[in-house]
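Take a look at the structure below.
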Amino acid sequence: MWRRTGFGNFSIQVPGMQMGQPVPETGPGILLDGYSGCPAFSDTYSSAGDSVYTYFSAVAGQDGEVDAEELQRCLTQSGISGTYSPFSLETCRIMIAMLDRDYTGKMGFNAFKELWSALNAWKENFMTVDQDGSGTVEHHELRQAIGLMGYRLSPQTLTTIVKRYSKNGRIFFDDYVACCVKLRALTDFFRKRDHLQQGSANFIYDDFLQGTMAI
């Protein structure tokens, strides 16, 4: 629900929540800080870190960063998608936008390691809920996957997500990851502006556009 509070200013409400109230069954910390499906970057990398750097450095430019097209090549060559289709260019664009903290439109190695951890966690969740091994998830499986990441969304919001990312009611891995990226990025954007962590925030219109159009 949107409520206009003055010219150029809007108030946004998380679907299924009353203004100023925590998410039912969770409290604000789960929805707004619960990134169990997208772990924060950690310096504690195993020997897998060597291969991760190899994938990255093979496509990175002289500036040590990758753009969306380079990221797409990197992820395809790494084989992280497994038996699923390679990531689309659009999904790679929003992956970069999710972690583009200096607004360069590119991703350095530290951000890539953070993305790598997130992708592996999302893939594990996807495989866990794809119980029939179809390579896609349906409405009820997506609800389970999102729950595993710590989010508690209203049925209406979940239905909206399914309509946005499904093909004939089924969500493929690439679209699933795109959904996870956007969910994390928009939740983080909202959380930073919800200073009291109560599930409500006020936005300047231009701030809202910059934060959402980038994803």
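Going by the structure tokens order, chains are called A, B, ..., each with residues numbered from 1, while ligands are numbered from 1 in the order shown.
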
Using DSSP secondary structure from the backbone, list all strand (DSSP E) positions within stretch 45-181 of chain A, as an mmCIF file with N, CA, C and O atoms, in the first residue's frame.
```cif
data_model
loop_
_atom_site.group_PDB
_atom_site.id
_atom_site.type_symbol
_atom_site.label_atom_id
_atom_site.label_comp_id
_atom_site.auth_asym_id
_atom_site.auth_seq_id
_atom_site.Cartn_x
_atom_site.Cartn_y
_atom_site.Cartn_z
ATOM 1 N N THR A 136 12.639 -27.081 -12.028
ATOM 2 C CA THR A 136 11.854 -25.868 -11.812
ATOM 3 C C THR A 136 11.188 -25.974 -10.443
ATOM 4 O O THR A 136 11.111 -27.051 -9.850
ATOM 5 N N VAL A 137 10.718 -24.833 -9.938
ATOM 6 C CA VAL A 137 9.931 -24.839 -8.708
ATOM 7 C C VAL A 137 8.562 -24.233 -8.994
ATOM 8 O O VAL A 137 8.427 -23.334 -9.826
ATOM 9 N N ILE A 171 8.961 -21.942 -12.228
ATOM 10 C CA ILE A 171 10.057 -20.980 -12.169
ATOM 11 C C ILE A 171 11.375 -21.718 -12.391
ATOM 12 O O ILE A 171 11.723 -22.634 -11.638
ATOM 13 N N PHE A 172 12.097 -21.331 -13.436
ATOM 14 C CA PHE A 172 13.388 -21.935 -13.736
ATOM 15 C C PHE A 172 14.478 -21.305 -12.868
ATOM 16 O O PHE A 172 14.290 -20.252 -12.274
#
```

Using only C-alpha atoms, which protein or nucleic acid residues come within 10 Å of A:Arg170? Drop anything in the same chain fewer than 2 positions from it, and give the result as a list in words.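 Non-adjacent residues within range: Ser134, Gly135, Thr136, Val137, Glu138, His139, Glu141, Leu142, Val162, Lys163, Tyr165, Ser166, Lys167, Asn168, Phe172, Phe173, Asp175 and Tyr176 of chain A.
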
C-alpha atoms of the current selection, written as a PDB file, in the first residue's frame:
```pdb
ATOM      1  CA  SER A 134      11.994 -31.175 -12.570  1.00  0.00           C
ATOM      2  CA  GLY A 135      14.567 -28.385 -12.663  1.00  0.00           C
ATOM      3  CA  THR A 136      11.854 -25.868 -11.812  1.00  0.00           C
ATOM      4  CA  VAL A 137       9.931 -24.839  -8.708  1.00  0.00           C
ATOM      5  CA  GLU A 138       6.219 -24.243  -8.440  1.00  0.00           C
ATOM      6  CA  HIS A 139       4.220 -21.882  -6.232  1.00  0.00           C
ATOM      7  CA  GLU A 141       7.989 -24.865  -3.590  1.00  0.00           C
ATOM      8  CA  LEU A 142       8.894 -21.202  -3.994  1.00  0.00           C
ATOM      9  CA  VAL A 162       5.163 -16.191  -9.059  1.00  0.00           C
ATOM     10  CA  LYS A 163       3.347 -14.281 -11.795  1.00  0.00           C
ATOM     11  CA  TYR A 165       9.011 -14.935 -12.603  1.00  0.00           C
ATOM     12  CA  SER A 166       7.170 -18.070 -13.731  1.00  0.00           C
ATOM     13  CA  LYS A 167       6.621 -19.623 -17.132  1.00  0.00           C
ATOM     14  CA  ASN A 168       3.376 -21.589 -17.175  1.00  0.00           C
ATOM     15  CA  PHE A 172      13.388 -21.935 -13.736  1.00  0.00           C
ATOM     16  CA  PHE A 173      16.692 -21.551 -11.902  1.00  0.00           C
ATOM     17  CA  ASP A 175      14.478 -16.650 -12.867  1.00  0.00           C
ATOM     18  CA  TYR A 176      14.621 -18.020  -9.332  1.00  0.00           C
TER      19      TYR A 176
END
```

Report the closest atom pair, with its distance in Å rounded to one decimal, for each residue of stretch 93-201 of chain A that has an atom no farther than 12 Å from stretch 52-58 of chain A; count only C-alpha atoms, sort by chain and then rising residue number, and write it as a Markdown table.
```
| residue | atom | partner | partner_atom | distance |
| --- | --- | --- | --- | --- |
| A:Met107 | CA | A:Phe56 | CA | 10.1 |
| A:Gly108 | CA | A:Phe56 | CA | 9.0 |
| A:Phe109 | CA | A:Phe56 | CA | 7.0 |
| A:Asn110 | CA | A:Tyr53 | CA | 9.8 |
| A:Ala111 | CA | A:Phe56 | CA | 10.9 |
| A:Phe112 | CA | A:Phe56 | CA | 7.7 |
| A:Lys113 | CA | A:Val52 | CA | 7.4 |
| A:Glu114 | CA | A:Val52 | CA | 10.9 |
| A:Leu115 | CA | A:Val52 | CA | 10.8 |
| A:Trp116 | CA | A:Val52 | CA | 8.0 |
| A:Ser117 | CA | A:Val52 | CA | 10.3 |
```

One decimal, Å: what's the distance from atom CA of A:Tyr151 over to atom CA of A:Met95, could you say?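 Separation between atom CA of A:Tyr151 and atom CA of A:Met95: 19.2 Å.
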
Determine, for each residue of stretch 38-118 of chain A having at least one atom at most 12 Å from an atom of stretch 181-197 of chain A, the closest pair of atoms and their separation in Å to one decimal, counting only C-alpha atoms; order by chain and ascending number, as a Markdown table.
```
| residue | atom | partner | partner_atom | distance |
| --- | --- | --- | --- | --- |
| A:Cys38 | CA | A:Arg184 | CA | 7.6 |
| A:Pro39 | CA | A:Arg184 | CA | 10.5 |
| A:Ala40 | CA | A:Arg184 | CA | 11.4 |
| A:Glu90 | CA | A:Val181 | CA | 11.5 |
| A:Thr91 | CA | A:Val181 | CA | 8.4 |
| A:Cys92 | CA | A:Val181 | CA | 9.8 |
| A:Arg93 | CA | A:Val181 | CA | 10.3 |
| A:Ile94 | CA | A:Val181 | CA | 7.0 |
| A:Met95 | CA | A:Val181 | CA | 6.3 |
| A:Ile96 | CA | A:Val181 | CA | 9.6 |
| A:Ala97 | CA | A:Ala185 | CA | 8.3 |
| A:Met98 | CA | A:Ala185 | CA | 5.3 |
| A:Leu99 | CA | A:Ala185 | CA | 8.3 |
| A:Asp100 | CA | A:Ala185 | CA | 10.5 |
| A:Arg101 | CA | A:Ala185 | CA | 11.3 |
| A:Leu115 | CA | A:Val181 | CA | 9.6 |
| A:Ala118 | CA | A:Val181 | CA | 9.0 |
```

Got time to write the residues from that selection, all heavy atoms, as a short mmCIF file (atom, residue, chain, number, x, y, z; two decimals), in the first residue's frame?
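File produced: again-v4.cif:
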```
data_model
loop_
_atom_site.label_atom_id
_atom_site.label_comp_id
_atom_site.auth_asym_id
_atom_site.auth_seq_id
_atom_site.Cartn_x
_atom_site.Cartn_y
_atom_site.Cartn_z
N CYS A 38 21.35 -15.58 1.52
CA CYS A 38 22.36 -14.80 0.82
C CYS A 38 23.37 -14.32 1.85
O CYS A 38 23.32 -13.19 2.29
CB CYS A 38 21.69 -13.60 0.12
SG CYS A 38 22.76 -12.80 -1.08
N PRO A 39 24.30 -15.20 2.29
CA PRO A 39 25.19 -14.88 3.39
C PRO A 39 26.11 -13.73 3.08
O PRO A 39 26.47 -13.49 1.93
CB PRO A 39 25.99 -16.18 3.58
CG PRO A 39 25.91 -16.87 2.26
CD PRO A 39 24.56 -16.51 1.70
N ALA A 40 26.49 -13.02 4.11
CA ALA A 40 27.42 -11.91 3.94
C ALA A 40 28.80 -12.45 3.58
O ALA A 40 29.15 -13.60 3.88
CB ALA A 40 27.49 -11.09 5.22
N GLU A 90 20.40 -10.26 -18.23
CA GLU A 90 19.59 -9.43 -17.33
C GLU A 90 19.79 -9.85 -15.87
O GLU A 90 19.91 -9.00 -14.99
CB GLU A 90 18.11 -9.52 -17.70
CG GLU A 90 17.19 -8.68 -16.82
CD GLU A 90 17.53 -7.20 -16.82
OE1 GLU A 90 18.13 -6.71 -17.80
OE2 GLU A 90 17.21 -6.53 -15.81
N THR A 91 19.84 -11.15 -15.62
CA THR A 91 20.09 -11.61 -14.25
C THR A 91 21.47 -11.17 -13.78
O THR A 91 21.65 -10.76 -12.63
CB THR A 91 19.96 -13.14 -14.16
OG1 THR A 91 18.62 -13.52 -14.50
CG2 THR A 91 20.28 -13.64 -12.76
N CYS A 92 22.45 -11.21 -14.66
CA CYS A 92 23.80 -10.76 -14.30
C CYS A 92 23.82 -9.26 -14.02
O CYS A 92 24.57 -8.80 -13.14
CB CYS A 92 24.79 -11.12 -15.41
SG CYS A 92 25.08 -12.90 -15.55
N ARG A 93 23.02 -8.51 -14.73
CA ARG A 93 22.95 -7.06 -14.47
C ARG A 93 22.45 -6.79 -13.06
O ARG A 93 23.00 -5.93 -12.34
CB ARG A 93 22.03 -6.38 -15.49
CG ARG A 93 22.60 -6.25 -16.88
CD ARG A 93 21.74 -5.32 -17.73
NE ARG A 93 22.23 -5.20 -19.10
CZ ARG A 93 21.61 -5.73 -20.15
NH1 ARG A 93 20.48 -6.41 -19.99
NH2 ARG A 93 22.11 -5.59 -21.35
N ILE A 94 21.41 -7.50 -12.65
CA ILE A 94 20.88 -7.21 -11.32
C ILE A 94 21.76 -7.81 -10.22
O ILE A 94 21.76 -7.33 -9.09
CB ILE A 94 19.41 -7.65 -11.16
CG1 ILE A 94 19.25 -9.17 -11.29
CG2 ILE A 94 18.53 -6.93 -12.16
CD1 ILE A 94 17.84 -9.63 -10.98
N MET A 95 22.53 -8.86 -10.55
CA MET A 95 23.51 -9.35 -9.59
C MET A 95 24.53 -8.26 -9.27
O MET A 95 24.88 -8.04 -8.11
CB MET A 95 24.25 -10.57 -10.16
CG MET A 95 23.45 -11.85 -10.21
SD MET A 95 24.47 -13.17 -10.94
CE MET A 95 23.28 -14.50 -11.08
N ILE A 96 25.01 -7.60 -10.31
CA ILE A 96 25.97 -6.51 -10.10
C ILE A 96 25.32 -5.37 -9.34
O ILE A 96 25.91 -4.82 -8.40
CB ILE A 96 26.55 -6.04 -11.45
CG1 ILE A 96 27.53 -7.10 -11.98
CG2 ILE A 96 27.24 -4.69 -11.30
CD1 ILE A 96 28.20 -6.75 -13.28
N ALA A 97 24.09 -5.03 -9.70
CA ALA A 97 23.41 -3.92 -9.03
C ALA A 97 23.23 -4.20 -7.55
O ALA A 97 23.32 -3.29 -6.72
CB ALA A 97 22.06 -3.67 -9.69
N MET A 98 23.00 -5.46 -7.19
CA MET A 98 22.79 -5.82 -5.79
C MET A 98 24.01 -5.48 -4.93
O MET A 98 23.89 -5.09 -3.77
CB MET A 98 22.49 -7.32 -5.69
CG MET A 98 22.34 -7.85 -4.27
SD MET A 98 22.02 -9.63 -4.19
CE MET A 98 23.62 -10.30 -4.72
N LEU A 99 25.22 -5.62 -5.50
CA LEU A 99 26.45 -5.45 -4.74
C LEU A 99 27.27 -4.25 -5.21
O LEU A 99 28.43 -4.10 -4.80
CB LEU A 99 27.30 -6.72 -4.83
CG LEU A 99 26.64 -7.97 -4.22
CD1 LEU A 99 27.45 -9.22 -4.56
CD2 LEU A 99 26.50 -7.82 -2.72
N ASP A 100 26.70 -3.42 -6.06
CA ASP A 100 27.42 -2.27 -6.63
C ASP A 100 27.37 -1.11 -5.64
O ASP A 100 26.62 -0.15 -5.83
CB ASP A 100 26.81 -1.89 -7.98
CG ASP A 100 27.62 -0.81 -8.68
OD1 ASP A 100 28.76 -0.54 -8.24
OD2 ASP A 100 27.10 -0.22 -9.64
N ARG A 101 28.17 -1.19 -4.60
CA ARG A 101 28.10 -0.20 -3.52
C ARG A 101 28.77 1.12 -3.88
O ARG A 101 28.53 2.13 -3.23
CB ARG A 101 28.72 -0.80 -2.25
CG ARG A 101 27.98 -2.06 -1.79
CD ARG A 101 28.53 -2.66 -0.52
NE ARG A 101 27.74 -3.82 -0.12
CZ ARG A 101 28.11 -5.08 -0.28
NH1 ARG A 101 29.27 -5.35 -0.85
NH2 ARG A 101 27.34 -6.08 0.12
N LEU A 115 28.93 -12.75 -3.93
CA LEU A 115 27.93 -13.29 -4.86
C LEU A 115 28.07 -14.80 -4.99
O LEU A 115 27.06 -15.52 -5.00
CB LEU A 115 28.10 -12.63 -6.23
CG LEU A 115 27.21 -13.19 -7.35
CD1 LEU A 115 25.74 -12.92 -7.05
CD2 LEU A 115 27.61 -12.59 -8.70
N ALA A 118 26.42 -16.47 -2.15
CA ALA A 118 24.98 -16.35 -2.27
C ALA A 118 24.42 -17.32 -3.30
O ALA A 118 23.42 -18.00 -3.06
CB ALA A 118 24.59 -14.91 -2.63
#
```

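Neighbouring residues of A:Val129 at 7 Å or closer, counting only C-alpha atoms and skipping chain neighbours under 3 positions away, are Asn125, Phe126, Glu141, Gln144 and Ala145 of chain A.
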
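As for atom CA of A:Leu148 and atom CA of A:Gln198, they are spaced 22.0 Å apart.
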
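Shortest atom-to-atom contact with A:Met127 among A:Ala68, A:Met213, A:Asp207, A:Gly82: A:Gly82, counting only C-alpha atoms.
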